[in-house]
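**Q** Questions regarding the structure given below will be posed in turn.
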Amino acid sequence: MNQISNRKKNQGFSLLTVIVAVAFIGILGLLILYIAMANFQMKITDMKGKDSFYTAEKALEEVRTGLQEDVGEAMSVAYIKVLETYSKDSDVSSADATLDELRQASFKELFVKELVSRLKYGSDTSQYSLEKLNGYLDLTNEENFDETKETVLITNPSDKSPKMVKDVKNGVVLKNLKAIYVDAKGRASIIETDIRLGIPKIQFPTPSTLPDLMNMIVVANKGIVCEGTETTQQTVIQGSVYAGLLDEYKNSQTASDGFDNVSVDIKAGAKLSVSSGDKFVCQGNINVNNGSTFSSAGTVSVWAQGINLTSATVELLGKTYLSDDLTVNTGKNSNVKIEGEYYGFGSADSARESKIAHNSDDVEGITPVYDYTDRLDSSLSSAIVINGKNTTMDLSGVQKMMLAGKNYIASTKINSARGNNSDIMTGESLTVKGTQLAYLVPAELIADGNQTNPMSYDQYMTLTADNKTIDIAQNTPVAQWGNQTLAQLGVDTANPVQEVFYNDNASGEGGFVYFYLNFTDSTKAAAFMQTYYASETTKSNIDQYLSFYFGADTGVKVNDPQAYLRYITNGNVLSFDGEKQNGHLYNATDTSASKQLKEEQVRYQNMWYTLNRKMISSYDLLNKAVKDGNDNVDHDERQSNRTVFDNLVNKTGLCKFIEDKGKTSSDGYKEYSFESDSDDAGLKAVMANNEGKAPLTIDSEKAKKLRLVVCTGDVEIGAGVTFNGIIMAQGKITLGSGAQLISSPLEAAKVFQAMDSQTGESVSPKNFFWEGDKYVLGNTTTTGTTSGSNLADSTYDLAECVTYENWKKK
């Protein structure tokens, strides 16, 4: 009985134990589940936090990438400015080191200045623009970014400003940057940092005292003549070229017009294409005659006094540097197309300060190349003028343009014998001949009704015989001048009018006298034409007159100045739409050149002078004392009477050797032929002393093996002949129709340094060049032995220039 009772009591206890055990297990399970859920939530939160942080970091990286682009653009701008415009006079012995040091300093200054101008806040260069930095964010443009639920922002801490610190040693630092990202759940990540924009380490080309001889195809000390025929084939030049002055033009020049020198004469119907090469340098003008063409490719830099074309076609697609004018002469259907960069760098001030005028202070006994002291301003001024009918002038493809001068009414060329002793300045850098009508004194200012403009020469002589002058009303307003008076225009108040005498034998009166406004201030001259052309009546009259020059398919095409990377003109620029018979006059941008611009133009003058001495760009690198084999000083390369041929070829040593060792040719002059060994397939060089004698002729058979020609006289290349190599002629070079001159640097180098394999003479062509042994070391860009590097063929890691500093995560 008691056992049964005890069993019943034990059964209740067991139930309680089970309940407690189940409860314990349940609590334990819930605890484990809670811990697992909490851990899961923590991992989710951590993952979301990391995602938020990485998004904020990504925003900063996008800003950093955008800043790398700014660094690259600033580097490119600074590099180009240094190469194009920077030069300092320095001692020749230390020119390389000094010039590189100065270039580096200039680059750093220009780089920082350009970078600051890109990042500044408005006009405040002490702060950077947050708006610009936020513009680099691409996150807001991604498909999975919902700007209604999440936010990303580049800003500054509330107690700090967007400070920009800059110096030419360490670059630019953008201080107090803050990146904030807030996701859809309100989770935020904040990163504070500074970003340093370092200055890239740029290597500039090391200047050389030697030209790139092996890539040079022609030195024609007395110019180049390109012949044409009725069935003309294109004459092609591939390589660098120097052309001096043709005797037939040089000998006919007059004291009043001494700049009518010609280096390249492209005869009627001829076609000359400079399809490749570094430089095409001319001491004088390039004349492109009736029906002929001249073109330079995009890789070619043309340096010349000017370009004159008559009913011809000119295409300048590379860089063009002219010290004087590009002139379309009287004729019909001329076509000019200019692309790339065009620098008409000539101005009276820059020319008279250049090495051309002074020829160096320490070179005595040598006159300058041109005596600028007596030269008219008009002959030193670079402009573009159109005198021919139905002309097409297209400058819409130009990226950079400089016209440092203005056009002049060339009165000295008309009749200097009767008193035209100066040319008349206009206000235009690019114009058409007909616009000079605007500068005539209007009839309403001639007070005496018996006087006219123009008046006959006899009437003028009668007037002056009575000690009278034309009666001009200086205080009478003129409607077409915006009711300004003569006194308000800016003309010379003492001599407001300049007379110009024109011959006219057909009239029987001996000619006429025209009266033009005499401006002494170039700014006022440009402003006058703007006022004159702004009047609907006078603009209509000028446009109607211009329609005489231009047909429906012709005209002057110029972009709006904002379309050019660089646009600098000393005077106004006229464009004209032949189809609409409508013109437009663009304002002059630099009527009073800044000091920096003037220095740049002087540098171009000096570069042109130096190229005409030795085909290198830096005057400082011309050798003051070139020594002969006996260590005696032979000459100074800087002297104006030294030519490219003189500074490259040792003429004395060459002639002596030819006279001693050479043979008499069929044309009566002595020559000596070098032939390289059999491994070079018998390539040849010819040295000839033919000064004042028959030209050295090259036909197809001779051209097969000939790679180097050095002679003291003229050279003629036959029609259709292809010559590969180098020609150095003290005389002129005549190119037959369809001739091709191709640089062949590797083969030319082999012949240049070859020993004579036929006679066993211990001589080589290089022996007859000044410093000839240095060329053998590889003074050419084709063989891969360059003397420096440039931005285009170098690799720069811009990421290394943009780095974080003072990084903090909040």
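Each chain of the structure tokens is named A, B, ... in the order shown, its residues numbered from 1; ligands are numbered from 1 in display order.
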I'd like the neighbourhood of Gly736 in chain A as a PyMOL selection string, where a residue qualifies if any of its atoms comes within 9 Å (using only C-alpha atoms), though same-chain residues fewer than 6 positions away should be ignored.
**A** chain A and resi 225-228+235+716-721
**Q** Give me a file of those residues, with C-alpha atoms, as a PDB file, in the first residue's frame.
**A**
```pdb
ATOM      1  CA  VAL A 225      63.955  75.817-108.374  1.00  0.00           C
ATOM      2  CA  CYS A 226      61.087  73.431-109.074  1.00  0.00           C
ATOM      3  CA  GLU A 227      60.457  72.983-112.787  1.00  0.00           C
ATOM      4  CA  GLY A 228      57.059  72.367-114.357  1.00  0.00           C
ATOM      5  CA  THR A 235      57.690  66.663-107.123  1.00  0.00           C
ATOM      6  CA  GLU A 716      70.212  69.295-111.149  1.00  0.00           C
ATOM      7  CA  ILE A 717      67.869  66.362-110.501  1.00  0.00           C
ATOM      8  CA  GLY A 718      66.360  64.972-113.693  1.00  0.00           C
ATOM      9  CA  ALA A 719      62.607  64.744-114.305  1.00  0.00           C
ATOM     10  CA  GLY A 720      61.090  61.692-112.662  1.00  0.00           C
ATOM     11  CA  VAL A 721      64.327  60.775-110.831  1.00  0.00           C
TER      12      VAL A 721
END
```
**Q** When you look at Glu341 in chain A with a cut-off of 12 Å (counting only C-alpha atoms), what residues show up, excluding the ones that are within fewer than 4 positions of it in the same chain? I need them as a ChimeraX atom specification.
**A** /A:84,297-302,316-322,337,345,395-403,564-568
**Q** Kindly save the residues from that selection, with C-alpha atoms included, as a PDB file, in the first residue's frame.
**A**
```pdb
ATOM      1  CA  GLU A  84      57.304  76.836 -77.853  1.00  0.00           C
ATOM      2  CA  ALA A 297      52.252  67.984 -94.549  1.00  0.00           C
ATOM      3  CA  GLY A 298      51.058  68.060 -90.953  1.00  0.00           C
ATOM      4  CA  THR A 299      54.442  66.936 -89.587  1.00  0.00           C
ATOM      5  CA  VAL A 300      56.420  69.680 -91.353  1.00  0.00           C
ATOM      6  CA  SER A 301      57.426  73.061 -89.910  1.00  0.00           C
ATOM      7  CA  VAL A 302      57.829  75.673 -92.655  1.00  0.00           C
ATOM      8  CA  LEU A 316      50.056  74.530 -95.218  1.00  0.00           C
ATOM      9  CA  LEU A 317      48.937  71.693 -92.964  1.00  0.00           C
ATOM     10  CA  GLY A 318      51.640  71.627 -90.268  1.00  0.00           C
ATOM     11  CA  LYS A 319      53.329  74.536 -88.504  1.00  0.00           C
ATOM     12  CA  THR A 320      54.065  77.662 -90.500  1.00  0.00           C
ATOM     13  CA  TYR A 321      56.392  80.466 -89.365  1.00  0.00           C
ATOM     14  CA  LEU A 322      56.659  83.597 -91.537  1.00  0.00           C
ATOM     15  CA  LYS A 337      44.337  76.287 -97.133  1.00  0.00           C
ATOM     16  CA  PHE A 345      55.740  86.479 -86.057  1.00  0.00           C
ATOM     17  CA  LEU A 395      41.848  79.282 -92.139  1.00  0.00           C
ATOM     18  CA  SER A 396      39.043  77.309 -90.517  1.00  0.00           C
ATOM     19  CA  GLY A 397      41.380  74.379 -89.803  1.00  0.00           C
ATOM     20  CA  VAL A 398      43.957  76.461 -87.919  1.00  0.00           C
ATOM     21  CA  GLN A 399      44.320  75.630 -84.217  1.00  0.00           C
ATOM     22  CA  LYS A 400      46.721  78.402 -83.223  1.00  0.00           C
ATOM     23  CA  MET A 401      47.161  81.655 -85.115  1.00  0.00           C
ATOM     24  CA  MET A 402      49.445  84.629 -84.649  1.00  0.00           C
ATOM     25  CA  LEU A 403      49.533  87.670 -86.929  1.00  0.00           C
ATOM     26  CA  TYR A 564      41.091  78.680 -81.823  1.00  0.00           C
ATOM     27  CA  LEU A 565      43.317  77.264 -79.126  1.00  0.00           C
ATOM     28  CA  ARG A 566      45.258  80.477 -79.534  1.00  0.00           C
ATOM     29  CA  TYR A 567      44.286  83.579 -81.491  1.00  0.00           C
ATOM     30  CA  ILE A 568      46.587  86.608 -81.524  1.00  0.00           C
TER      31      ILE A 568
END
```
**Q** When you draw a straight line from CA of Thr435 in chain A to CA of Thr464 in chain A, how long is it in Å?
**A**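 Between CA of Thr435 in chain A and CA of Thr464 in chain A the gap works out to 29.0 Å.
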**Q** Could you tell me which of A:Met164, A:Leu376, A:Ala447, A:Leu463 comes closest to Ile424 in chain A if we count only C-alpha atoms?
**A**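 Distance minimum relative to Ile424 in chain A lands on A:Leu376.
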**Q** Would you pick out the contacts of Phe111 in chain A at 9 Å or less, using only C-alpha atoms, so that residues sharing its chain but fewer than 4 positions from it are not included, and give the list as a list of chain:residue names?
**A**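 That gives A:Val71, A:Ala74, A:Met75, A:Ser76, A:Val77, A:Ala78, A:Tyr79, A:Ser106, A:Phe107, A:Leu115, A:Val116, A:Val168, A:Gly171, A:Ile199.
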**Q** Each residue of range 498-592 of chain A with at least one atom at most 8 Å from range 382-394 of chain A should appear once, together with its nearest atom pair and the corresponding distance in Å (one decimal); atoms considered: only C-alpha atoms; ordering: chain, then increasing residue number; output as CSV.
**A**
```
residue,atom,partner,partner_atom,distance
A:Phe548,CA,A:Lys389,CA,7.2
A:Tyr549,CA,A:Lys389,CA,4.2
A:Phe550,CA,A:Asn390,CA,4.5
A:Gly551,CA,A:Asn390,CA,5.5
A:Asp553,CA,A:Thr392,CA,7.9
A:Thr554,CA,A:Thr392,CA,4.7
A:Gly555,CA,A:Thr392,CA,5.0
A:Val556,CA,A:Met393,CA,4.6
A:Lys557,CA,A:Asp394,CA,4.8
A:Val558,CA,A:Asp394,CA,6.7
```
**Q** Fewer than 6 positions away in the same chain doesn't count, so skip those; otherwise give me all residues within 7 Å of Lys663 in chain A, counting only C-alpha atoms, as a list in words.
**A**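 Everything that qualifies: Lys670, Glu671 and Tyr672 of chain A.
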**Q** Kindly export the residues of the current selection with N, CA and C atoms, as a PDB file, in the first residue's frame.
**A**
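Listed below is the output, again.pdb:
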```
ATOM      1  N   LYS A 670      86.260  69.082-111.340  1.00  0.00           N
ATOM      2  CA  LYS A 670      86.870  67.934-110.673  1.00  0.00           C
ATOM      3  C   LYS A 670      85.926  67.349-109.617  1.00  0.00           C
ATOM      4  N   GLU A 671      85.918  66.019-109.525  1.00  0.00           N
ATOM      5  CA  GLU A 671      85.090  65.350-108.540  1.00  0.00           C
ATOM      6  C   GLU A 671      85.814  64.110-108.017  1.00  0.00           C
ATOM      7  N   TYR A 672      85.383  63.665-106.864  1.00  0.00           N
ATOM      8  CA  TYR A 672      85.941  62.459-106.256  1.00  0.00           C
ATOM      9  C   TYR A 672      84.777  61.610-105.753  1.00  0.00           C
TER      10      TYR A 672
END
```
**Q** Quick one: residues within 8 Å of Ala473 in chain A, only C-alpha atoms, excluding same-chain residues fewer than 3 positions away - as a VMD selection string?
**A** chain A and resid 445 to 447 476 486
**Q** Grab the residues selected above and save them as a PDB file, in the first residue's frame with all heavy atoms.
**A**
```pdb
ATOM      1  N   LEU A 445      35.413 116.367 -96.089  1.00  0.00           N
ATOM      2  CA  LEU A 445      36.460 117.023 -95.303  1.00  0.00           C
ATOM      3  C   LEU A 445      37.353 117.920 -96.152  1.00  0.00           C
ATOM      4  O   LEU A 445      38.233 118.585 -95.625  1.00  0.00           O
ATOM      5  CB  LEU A 445      37.325 115.984 -94.586  1.00  0.00           C
ATOM      6  CG  LEU A 445      36.645 115.161 -93.490  1.00  0.00           C
ATOM      7  CD1 LEU A 445      37.679 114.333 -92.740  1.00  0.00           C
ATOM      8  CD2 LEU A 445      35.874 116.047 -92.528  1.00  0.00           C
ATOM      9  N   ILE A 446      37.146 117.894 -97.466  1.00  0.00           N
ATOM     10  CA  ILE A 446      37.939 118.762 -98.341  1.00  0.00           C
ATOM     11  C   ILE A 446      37.186 120.067 -98.502  1.00  0.00           C
ATOM     12  O   ILE A 446      36.157 120.144 -99.192  1.00  0.00           O
ATOM     13  CB  ILE A 446      38.184 118.087 -99.703  1.00  0.00           C
ATOM     14  CG1 ILE A 446      38.893 116.740 -99.477  1.00  0.00           C
ATOM     15  CG2 ILE A 446      39.010 118.991-100.603  1.00  0.00           C
ATOM     16  CD1 ILE A 446      39.101 115.948-100.735  1.00  0.00           C
ATOM     17  N   ALA A 447      37.676 121.072 -97.819  1.00  0.00           N
ATOM     18  CA  ALA A 447      36.941 122.342 -97.712  1.00  0.00           C
ATOM     19  C   ALA A 447      36.860 123.090 -99.037  1.00  0.00           C
ATOM     20  O   ALA A 447      35.851 123.734 -99.341  1.00  0.00           O
ATOM     21  CB  ALA A 447      37.595 123.226 -96.644  1.00  0.00           C
ATOM     22  N   THR A 476      35.199 118.656 -88.667  1.00  0.00           N
ATOM     23  CA  THR A 476      33.902 118.356 -89.272  1.00  0.00           C
ATOM     24  C   THR A 476      33.543 116.892 -89.027  1.00  0.00           C
ATOM     25  O   THR A 476      34.312 116.003 -89.390  1.00  0.00           O
ATOM     26  CB  THR A 476      33.941 118.623 -90.789  1.00  0.00           C
ATOM     27  OG1 THR A 476      34.236 120.007 -91.004  1.00  0.00           O
ATOM     28  CG2 THR A 476      32.595 118.281 -91.423  1.00  0.00           C
ATOM     29  N   LEU A 486      37.930 114.224 -87.694  1.00  0.00           N
ATOM     30  CA  LEU A 486      39.274 113.753 -88.014  1.00  0.00           C
ATOM     31  C   LEU A 486      40.166 113.807 -86.771  1.00  0.00           C
ATOM     32  O   LEU A 486      40.980 112.919 -86.540  1.00  0.00           O
ATOM     33  CB  LEU A 486      39.862 114.604 -89.141  1.00  0.00           C
ATOM     34  CG  LEU A 486      41.154 114.102 -89.781  1.00  0.00           C
ATOM     35  CD1 LEU A 486      40.885 112.808 -90.525  1.00  0.00           C
ATOM     36  CD2 LEU A 486      41.716 115.147 -90.735  1.00  0.00           C
TER      37      LEU A 486
END
```
